[in-house]
Amino acid sequence: MHHRVLILITLASLCLALGGCAKNPATGKYQLSTLSKQDEIALGASEMPKVTQEFGGAYPDAEAQAYVREVGMRVAAIAERDYPGIPWEFTLLNSDVINAFALPGGKVFITTGLASKFDSEDELAGTLGHECGHVTAKHTDKRMAETSIYQGAASVAGAAIGDQTAATLISTGTGIILLKFSRGEESEADTLGLRYMTAAGYNPRGLLRVMEVLKASAGSGGNPEFLSTHPLPETRIEAVTGALGQPPCNAATSRTDPRWASDYRARLLDRLGKVASQPRPTGQPQPSPSQQQLQERREVERVQQQRRSRGGG
Ligand SMILES: [Zn+2]
């Protein structure tokens, strides 16, 4: 008991030292904070070019980018109510790695690798809504504040807590900005994502399908990188399934719009694969399916070319 009180006093004083525990309007919870909104926006803006470059650059198709931005902004218009004045940006990254993530201050990314696994716009909206949830819940700020507390506590106590928490910081080559979130934070982002996408008019089942896609990719040995920054335990899927029966999600489950699937095909899927994706500069040089397909296509073209030049059919 005495121990608990001591910890609480330590946390409270650290909390004050760090700039306080503000109540977050998105989650309704008090949380540790070291970054102001302007700090978050500046951090996101400075990391954005590095992260974009690390994931093969922006997919070089203005219309596909515009489509991702349009869907993202529709969801962000709702998220904006929780965290106004954020310069939201949505980028489709030219990478076969299966991933989506957000930087603080509203910079949201999805790879072509993940987007190509979806069938419908509501899955895209669910993914972007989840990432908007990480932004409005200020998860990176919270994680950084908690880490500095742990590190502070570790150095004071001379204990080895630091090693463990340092492991939660994922080294990406760009720095520590892409953090591994906890299960609780993932669930929080799911809840927020469901709320945002539903209010934006999308079918919340889209987020459940995203999880099924990720689970299937993991099961088939695809090992989506998304799961390294977004743990996907069975409990998360159960929680989202449960939320679908609760308001406001249940009101939307009966609504289906075939346009979402046809739009998604025409405005995104059909536009993917027209531009060669670049291999990631770091990581395992595992040939991706689309690169293999491109290679095969080139081979077919080469053979056809030979046949043509020989006058064959
Ligand atoms: Zn997440």
# chains A, B, ... in the order shown; residues from 1 in each chain; ligands from 1
>>> residues_around(residues="Ala26 of chain A", least_positions_apart="2", cutoff="10 Å", atoms="only C-alpha atoms", output="list of chain:residue names")
A:Lys23, A:Asn24, A:Gly28, A:Lys29, A:Ala79, A:Glu80, A:Arg81, A:Asp82, A:Tyr83, A:Gly133, A:His134, A:Val135, A:Thr136, A:Ala137, A:Lys138, A:Glu188, A:Ala189, A:Leu192
>>> residues_around(residues="Glu89 of chain A", least_positions_apart="5", cutoff="9 Å", atoms="only C-alpha atoms", output="number ranges by chain")
A: 69, 72-73, 106-109
>>> write_last_selection(atoms="N, CA and C atoms", output="short mmCIF file (atom, residue, chain, number, x, y, z; two decimals), in the first residue's frame")
data_model
loop_
_atom_site.label_atom_id
_atom_site.label_comp_id
_atom_site.auth_asym_id
_atom_site.auth_seq_id
_atom_site.Cartn_x
_atom_site.Cartn_y
_atom_site.Cartn_z
N ARG A 69 -6.93 10.70 -50.46
CA ARG A 69 -7.10 11.94 -49.71
C ARG A 69 -8.59 12.24 -49.48
N GLY A 72 -9.91 9.92 -46.87
CA GLY A 72 -9.30 10.29 -45.60
C GLY A 72 -9.90 11.57 -45.03
N MET A 73 -10.10 12.55 -45.88
CA MET A 73 -10.63 13.83 -45.42
C MET A 73 -12.08 13.71 -44.96
N GLY A 106 -1.43 14.55 -37.63
CA GLY A 106 -2.35 14.28 -38.73
C GLY A 106 -1.77 13.84 -40.05
N LYS A 107 -0.54 13.30 -40.04
CA LYS A 107 0.01 12.77 -41.30
C LYS A 107 -0.25 11.26 -41.32
N VAL A 108 -1.13 10.84 -42.24
CA VAL A 108 -1.59 9.46 -42.28
C VAL A 108 -1.11 8.79 -43.57
N PHE A 109 -0.68 7.52 -43.46
CA PHE A 109 -0.11 6.80 -44.60
C PHE A 109 -0.73 5.42 -44.72
#
>>> residues_around(residues="Leu268 of chain A", least_positions_apart="6", cutoff="12 Å", atoms="only C-alpha atoms", output="ChimeraX atom specification")
/A:59,61-71,92,112,114-121,124,260-262,274
>>> write_last_selection(atoms="N, CA and C atoms", output="compact mmCIF listing (two decimals), in the first residue's frame")
# COMPACT_ATOMS: atom_id res chain seq x y z
N TYR A 59 2.95 7.04 -54.05
CA TYR A 59 2.61 6.33 -55.28
C TYR A 59 2.39 7.37 -56.38
N ASP A 61 0.74 8.50 -58.80
CA ASP A 61 -0.49 8.58 -59.58
C ASP A 61 -1.39 9.59 -58.88
N ALA A 62 -1.54 10.75 -59.48
CA ALA A 62 -2.26 11.87 -58.84
C ALA A 62 -3.70 11.49 -58.52
N GLU A 63 -4.33 10.71 -59.40
CA GLU A 63 -5.75 10.38 -59.19
C GLU A 63 -5.93 9.41 -58.03
N ALA A 64 -5.02 8.43 -57.92
CA ALA A 64 -5.10 7.49 -56.80
C ALA A 64 -4.85 8.23 -55.48
N GLN A 65 -3.89 9.15 -55.49
CA GLN A 65 -3.61 9.96 -54.30
C GLN A 65 -4.83 10.80 -53.93
N ALA A 66 -5.45 11.40 -54.94
CA ALA A 66 -6.61 12.27 -54.69
C ALA A 66 -7.75 11.45 -54.07
N TYR A 67 -7.89 10.21 -54.53
CA TYR A 67 -8.95 9.34 -54.02
C TYR A 67 -8.71 9.00 -52.55
N VAL A 68 -7.47 8.63 -52.21
CA VAL A 68 -7.12 8.30 -50.82
C VAL A 68 -7.33 9.54 -49.94
N ARG A 69 -6.93 10.70 -50.46
CA ARG A 69 -7.10 11.94 -49.71
C ARG A 69 -8.59 12.24 -49.48
N GLU A 70 -9.39 12.02 -50.52
CA GLU A 70 -10.83 12.30 -50.44
C GLU A 70 -11.49 11.45 -49.34
N VAL A 71 -11.17 10.16 -49.35
CA VAL A 71 -11.74 9.24 -48.34
C VAL A 71 -11.21 9.64 -46.95
N LEU A 92 -0.71 7.77 -50.11
CA LEU A 92 -0.62 6.38 -50.56
C LEU A 92 0.85 6.13 -50.89
N THR A 112 0.47 0.80 -50.81
CA THR A 112 -0.26 0.13 -51.90
C THR A 112 -0.39 -1.35 -51.57
N LEU A 114 -1.08 -2.74 -48.72
CA LEU A 114 -2.29 -2.97 -47.91
C LEU A 114 -3.54 -2.59 -48.70
N ALA A 115 -3.51 -1.44 -49.37
CA ALA A 115 -4.69 -0.97 -50.11
C ALA A 115 -5.12 -1.98 -51.17
N SER A 116 -4.14 -2.70 -51.74
CA SER A 116 -4.47 -3.66 -52.80
C SER A 116 -5.18 -4.90 -52.26
N LYS A 117 -5.17 -5.08 -50.94
CA LYS A 117 -5.85 -6.24 -50.34
C LYS A 117 -7.33 -5.97 -50.09
N PHE A 118 -7.74 -4.71 -50.21
CA PHE A 118 -9.13 -4.37 -49.90
C PHE A 118 -10.01 -4.48 -51.15
N ASP A 119 -11.34 -4.63 -50.90
CA ASP A 119 -12.30 -4.70 -52.00
C ASP A 119 -13.17 -3.46 -52.08
N SER A 120 -13.17 -2.68 -50.97
CA SER A 120 -14.18 -1.63 -50.91
C SER A 120 -13.67 -0.40 -50.16
N GLU A 121 -14.30 0.71 -50.47
CA GLU A 121 -13.90 1.99 -49.88
C GLU A 121 -14.07 1.99 -48.36
N LEU A 124 -10.93 0.94 -46.69
CA LEU A 124 -9.96 2.04 -46.69
C LEU A 124 -10.33 3.06 -45.62
N TRP A 260 -19.38 1.76 -53.14
CA TRP A 260 -18.10 1.73 -52.47
C TRP A 260 -17.14 0.73 -53.10
N ALA A 261 -17.69 -0.42 -53.49
CA ALA A 261 -16.85 -1.43 -54.10
C ALA A 261 -16.46 -1.04 -55.53
N SER A 262 -17.44 -0.53 -56.30
CA SER A 262 -17.13 -0.19 -57.71
C SER A 262 -16.20 1.03 -57.77
N LYS A 274 0.01 -0.20 -62.31
CA LYS A 274 0.35 0.45 -63.58
C LYS A 274 1.72 1.09 -63.49
>>> closest_residue(among="A:Asn250, A:Pro25, A:Leu232, A:Gly201", to="Ala216 of chain A", atoms="only C-alpha atoms")
A:Leu232
